[in-house]
Amino acid sequence: MSLLDNRVPAVLLRIDRNPFHHGTLGAVRSLGRAGVEVHVVADSAGSPLHRSRFVRQLHPPPRPGASPDEIAATLLHVAARFPRPAVLLPMDDASAVTVSRLRAVLAPAYLLPQQPEALPERVADKAELARICAAAGVPHPVTLVPDSAEEAAAATWRLGPPVVAKWSRPWLVPGGCGLRSTMVVRSAGEARQLYRRAGEAGSRLLLQAFLPPGPDRDWFFHGYADRTGAVRAGGPGRKHQAWPRGAGLTAVGQWTPNPHVQALAERLTDELGYRGIFDLDFRRCGSTGRYHLLDFNPRPGAQFRLFTDSAGLDVVRAQHLDLTLRPLPDGVPLPGREFVVENYAPLAALRPAPQGRELAWHATDDRAPGRAMWALWGRHAAGRLAARLRHRAAATPAAPTRLVHQGGAQDDLSHDRPTALSAALPTTLPEDFADDLHDDQKASSC
């Protein structure tokens, strides 16, 4: 018998049009395996997600650029089919921010964590996060928010270069504009030009001191803060491989005990009064050894299934149990367990994993999404490579270089709207081809 109340359905919301988001598939499987009826409001065109046997129904997402009222109407339309309130799980930052704004409208139809309405938006905002960390005494890279192009140039010299450039509200960056949510800026001129595009990005530019990547420096923490504020499920993990290399989303991660990271996570969520699922990204400074918080995501991280304990509890199941007033089981942590996104790190997926492994796409009880992913990835990558070769053949020798070098940023570029296809490239392929795939998918994801 399932510990979860399978009379209460779950609705997963993803506003950003990323049909290859493996975290959404992970949430579908986690809840579906427990007998929960799972509905998904997301872009499913060309997505492996619709092949999962654990999806009860896929619903059309709100149109791109939809207003909060339109998003509310979509969610309430889905909820009208249920005899009781459903658990609503935002799967991206844009969804988390919107749901928090719509709490009063959605609460009769959905079960939601009780927390200050503006809190998810505050922690997701990169500039506000710097202020939050300063107030809480949590290490954070030195961050400057320029008010002019000349201030941006001066800040670059003050902090570096190189420096990390971020848009304060990355979920507002439109697809197809050529902007990334996080970039490495290597000159004052680049910073000056980037600042002038703030109107396109939809939020303010901030510049941050660069913390170089390196072995044992990139960490993350996933957790669920329950009704009392206690952090349940989840745990600390170490990023072994990323895509793009040294900067991006987790391709290979491992559940690794880290009391320092855990203490920082619990202290911050406690001081904020945060409730619900969260995903934090840290980078350890090579010179001081301090763990700096880089990102606070008010929703599940894509690799959340890494932290599945001996009782089968993860952060998604924890939220469903807590909001339906059911006790959370006391499982035993399983450190050493691995998470591999197999199309980003195929060799890692083949290595022995004595402590256990969770794959992003393949599952023995749900094989169809994994097969669909490989077929779609191969087709898309081949198409993009052909397009790139045609472009090179037509280009003149004096073709301009890119404005901003886009590798090595100290942030999780999964918030940069990449899809699995856009990032899942063997490392032997040219970096500029990888960037083209990344840019090509930006219009359809987060």
# chains A, B, ... in the order shown; residues from 1 in each chain; ligands from 1
$ select_by_dssp --residues "range 126-170 of chain A" --states "alpha helix (DSSP H)" --output "list in words"
Lys126, Ala127, Glu128, Leu129, Ala130, Arg131, Ile132, Cys133, Ala134, Ala135, Ala136, Ala149, Glu150, Glu151, Ala152, Ala153, Ala154, Ala155, Thr156, Trp157, Arg158 and Leu159 of chain A
$ closest_atom_pairs --of "range 40-128 of chain A" --to "range 7-20 of chain A" --cutoff "6 Å" --atoms "only C-alpha atoms" --output "tab-separated table"
residue	atom	partner	partner_atom	distance
A:Val40	CA	A:Leu12	CA	4.7
A:Val41	CA	A:Leu13	CA	4.9
A:Ala42	CA	A:Arg14	CA	5.0
A:Asp43	CA	A:Arg17	CA	5.4
A:Ser44	CA	A:Pro19	CA	5.6
A:Ser47	CA	A:Pro19	CA	4.7
A:Ala86	CA	A:Pro9	CA	5.0
A:Val87	CA	A:Ala10	CA	4.7
A:Leu88	CA	A:Val11	CA	4.9
A:Leu89	CA	A:Leu12	CA	4.8
A:Pro90	CA	A:Leu13	CA	4.8
A:Met91	CA	A:Arg14	CA	5.3
A:Asp92	CA	A:Arg14	CA	5.9
A:Ser95	CA	A:Ile15	CA	5.6
$ write_last_selection --atoms "C-alpha atoms" --output "compact mmCIF listing (two decimals), in the first residue's frame"
# COMPACT_ATOMS: atom_id res chain seq x y z
CA VAL A 40 1.27 17.64 -16.78
CA VAL A 41 0.71 21.17 -18.04
CA ALA A 42 3.72 21.71 -20.31
CA ASP A 43 4.90 21.75 -23.89
CA SER A 44 4.81 18.12 -24.98
CA SER A 47 8.91 15.42 -26.05
CA ALA A 86 -4.71 18.59 -6.24
CA VAL A 87 -1.06 19.06 -5.32
CA LEU A 88 0.49 21.62 -7.68
CA LEU A 89 4.21 21.30 -8.45
CA PRO A 90 5.95 24.08 -10.42
CA MET A 91 8.90 22.60 -12.29
CA ASP A 92 10.74 25.77 -13.36
CA SER A 95 6.19 28.58 -12.86
$ closest_residue --among "A:Leu211, A:Leu272, A:Leu334, A:Cys285" --to "Trp255 in chain A" --atoms "only C-alpha atoms"
A:Leu334
$ select_by_dssp --residues "range 143-304 of chain A" --states "strand (DSSP E or B)" --output "PyMOL selection string"
chain A and resi 143-144+163-167+182-185+205-209+218-225+231-243+249-255+276-284+291-297
$ closest_residue --among "A:Leu144, A:Leu294, A:Ile71, A:Val55" --to "Asp218 in chain A" --atoms "only C-alpha atoms"
A:Leu294
$ residues_around --residues "His240 in chain A" --least-positions-apart "4" --cutoff "8 Å" --atoms "only C-alpha atoms" --output "PDB file with N, CA, C and O atoms, in the first residue's frame"
ATOM      1  N   PRO A 215      38.139  20.714  -9.296  1.00  0.00           N
ATOM      2  CA  PRO A 215      37.725  19.471  -8.647  1.00  0.00           C
ATOM      3  C   PRO A 215      37.147  19.729  -7.261  1.00  0.00           C
ATOM      4  O   PRO A 215      37.685  20.523  -6.492  1.00  0.00           O
ATOM      5  N   ASP A 216      36.033  19.098  -6.961  1.00  0.00           N
ATOM      6  CA  ASP A 216      35.421  19.142  -5.633  1.00  0.00           C
ATOM      7  C   ASP A 216      34.926  20.553  -5.271  1.00  0.00           C
ATOM      8  O   ASP A 216      34.799  20.882  -4.102  1.00  0.00           O
ATOM      9  N   ASP A 218      32.061  22.210  -7.030  1.00  0.00           N
ATOM     10  CA  ASP A 218      30.655  22.452  -7.346  1.00  0.00           C
ATOM     11  C   ASP A 218      29.755  21.487  -6.587  1.00  0.00           C
ATOM     12  O   ASP A 218      29.859  20.264  -6.742  1.00  0.00           O
ATOM     13  N   THR A 250      23.897  19.557 -14.119  1.00  0.00           N
ATOM     14  CA  THR A 250      24.581  18.354 -13.648  1.00  0.00           C
ATOM     15  C   THR A 250      24.416  17.215 -14.644  1.00  0.00           C
ATOM     16  O   THR A 250      23.297  16.767 -14.900  1.00  0.00           O
ATOM     17  N   ALA A 251      25.525  16.748 -15.201  1.00  0.00           N
ATOM     18  CA  ALA A 251      25.511  15.564 -16.053  1.00  0.00           C
ATOM     19  C   ALA A 251      25.784  14.309 -15.231  1.00  0.00           C
ATOM     20  O   ALA A 251      25.220  13.250 -15.486  1.00  0.00           O
ATOM     21  N   VAL A 252      26.677  14.428 -14.241  1.00  0.00           N
ATOM     22  CA  VAL A 252      26.962  13.338 -13.307  1.00  0.00           C
ATOM     23  C   VAL A 252      27.061  13.945 -11.916  1.00  0.00           C
ATOM     24  O   VAL A 252      27.862  14.859 -11.682  1.00  0.00           O
ATOM     25  N   GLY A 253      26.230  13.481 -11.007  1.00  0.00           N
ATOM     26  CA  GLY A 253      26.262  13.948  -9.626  1.00  0.00           C
ATOM     27  C   GLY A 253      26.234  12.783  -8.661  1.00  0.00           C
ATOM     28  O   GLY A 253      25.792  11.688  -9.014  1.00  0.00           O
ATOM     29  N   GLN A 254      26.695  13.027  -7.444  1.00  0.00           N
ATOM     30  CA  GLN A 254      26.757  11.960  -6.445  1.00  0.00           C
ATOM     31  C   GLN A 254      26.312  12.492  -5.088  1.00  0.00           C
ATOM     32  O   GLN A 254      26.709  13.587  -4.683  1.00  0.00           O
TER      33      GLN A 254
END
$ closest_atom_pairs --of "range 27-80 of chain A" --to "range 309-331 of chain A" --cutoff "10 Å" --atoms "only C-alpha atoms" --output "Markdown table"
| residue | atom | partner | partner_atom | distance |
| --- | --- | --- | --- | --- |
| A:Ala27 | CA | A:Val316 | CA | 6.6 |
| A:Val28 | CA | A:Val316 | CA | 9.5 |
| A:Ser30 | CA | A:Arg317 | CA | 7.0 |
| A:Leu31 | CA | A:Arg317 | CA | 6.5 |
| A:Ala34 | CA | A:Arg317 | CA | 8.6 |
| A:Val36 | CA | A:His320 | CA | 9.5 |
$ residues_around --residues "range 125-128 of chain A" --least-positions-apart "5" --cutoff "10 Å" --atoms "only C-alpha atoms" --output "list of chain:residue names"
A:Asp93, A:Val97, A:Leu119, A:Pro120, A:Cys133, A:Ala134, A:Thr143, A:Leu144, A:Val145, A:Lys166, A:Trp167, A:Ser168, A:Arg169, A:Pro170, A:Trp171, A:Ser203, A:Arg204, A:Leu205, A:Leu206, A:Leu207, A:Gln208, A:Leu294, A:Asp295, A:Phe296, A:Asn297
$ atom_distance --atom1 "CA of Leu111 in chain A" --atom2 "CA of Gly223 in chain A"
18.5 Å
$ residues_around --residues "Arg351 in chain A" --least-positions-apart "6" --cutoff "12 Å" --atoms "only C-alpha atoms" --output "ChimeraX atom specification"
/A:252,338,340,342,345,357
$ atom_distance --atom1 "CA of Gly248 in chain A" --atom2 "CA of Glu266 in chain A"
24.5 Å
$ decode --residues "range 257-275 of chain A" --atoms "N, CA and C atoms" --output "compact mmCIF listing (two decimals), in the first residue's frame"
# COMPACT_ATOMS: atom_id res chain seq x y z
N PRO A 257 27.87 13.28 1.64
CA PRO A 257 27.68 14.04 2.88
C PRO A 257 28.57 15.26 2.93
N ASN A 258 28.00 16.39 3.37
CA ASN A 258 28.75 17.63 3.50
C ASN A 258 28.08 18.48 4.57
N PRO A 259 28.53 18.39 5.83
CA PRO A 259 27.87 19.12 6.91
C PRO A 259 27.86 20.63 6.70
N HIS A 260 28.87 21.19 6.06
CA HIS A 260 28.92 22.64 5.83
C HIS A 260 27.81 23.08 4.90
N VAL A 261 27.65 22.38 3.78
CA VAL A 261 26.60 22.71 2.82
C VAL A 261 25.23 22.52 3.45
N GLN A 262 25.05 21.43 4.17
CA GLN A 262 23.75 21.16 4.79
C GLN A 262 23.41 22.24 5.82
N ALA A 263 24.37 22.65 6.62
CA ALA A 263 24.12 23.67 7.64
C ALA A 263 23.75 25.01 6.99
N LEU A 264 24.42 25.37 5.90
CA LEU A 264 24.08 26.61 5.20
C LEU A 264 22.67 26.56 4.64
N ALA A 265 22.30 25.44 4.05
CA ALA A 265 20.97 25.31 3.47
C ALA A 265 19.89 25.41 4.55
N GLU A 266 20.08 24.71 5.65
CA GLU A 266 19.07 24.71 6.70
C GLU A 266 18.98 26.07 7.38
N ARG A 267 20.12 26.74 7.57
CA ARG A 267 20.09 28.05 8.20
C ARG A 267 19.35 29.07 7.32
N LEU A 268 19.61 29.04 6.02
CA LEU A 268 19.00 30.01 5.13
C LEU A 268 17.49 29.81 5.03
N THR A 269 17.05 28.58 4.83
CA THR A 269 15.61 28.35 4.70
C THR A 269 14.89 28.66 6.01
N ASP A 270 15.55 28.41 7.13
CA ASP A 270 14.93 28.71 8.42
C ASP A 270 14.78 30.22 8.61
N GLU A 271 15.82 30.97 8.30
CA GLU A 271 15.75 32.43 8.49
C GLU A 271 14.73 33.07 7.55
N LEU A 272 14.56 32.50 6.36
CA LEU A 272 13.60 33.05 5.41
C LEU A 272 12.17 32.63 5.69
N GLY A 273 11.99 31.58 6.46
CA GLY A 273 10.65 31.02 6.64
C GLY A 273 10.17 30.31 5.39
N TYR A 274 11.13 29.76 4.63
CA TYR A 274 10.79 29.11 3.37
C TYR A 274 10.06 27.80 3.62
N ARG A 275 9.06 27.52 2.77
CA ARG A 275 8.32 26.25 2.81
C ARG A 275 8.21 25.71 1.40
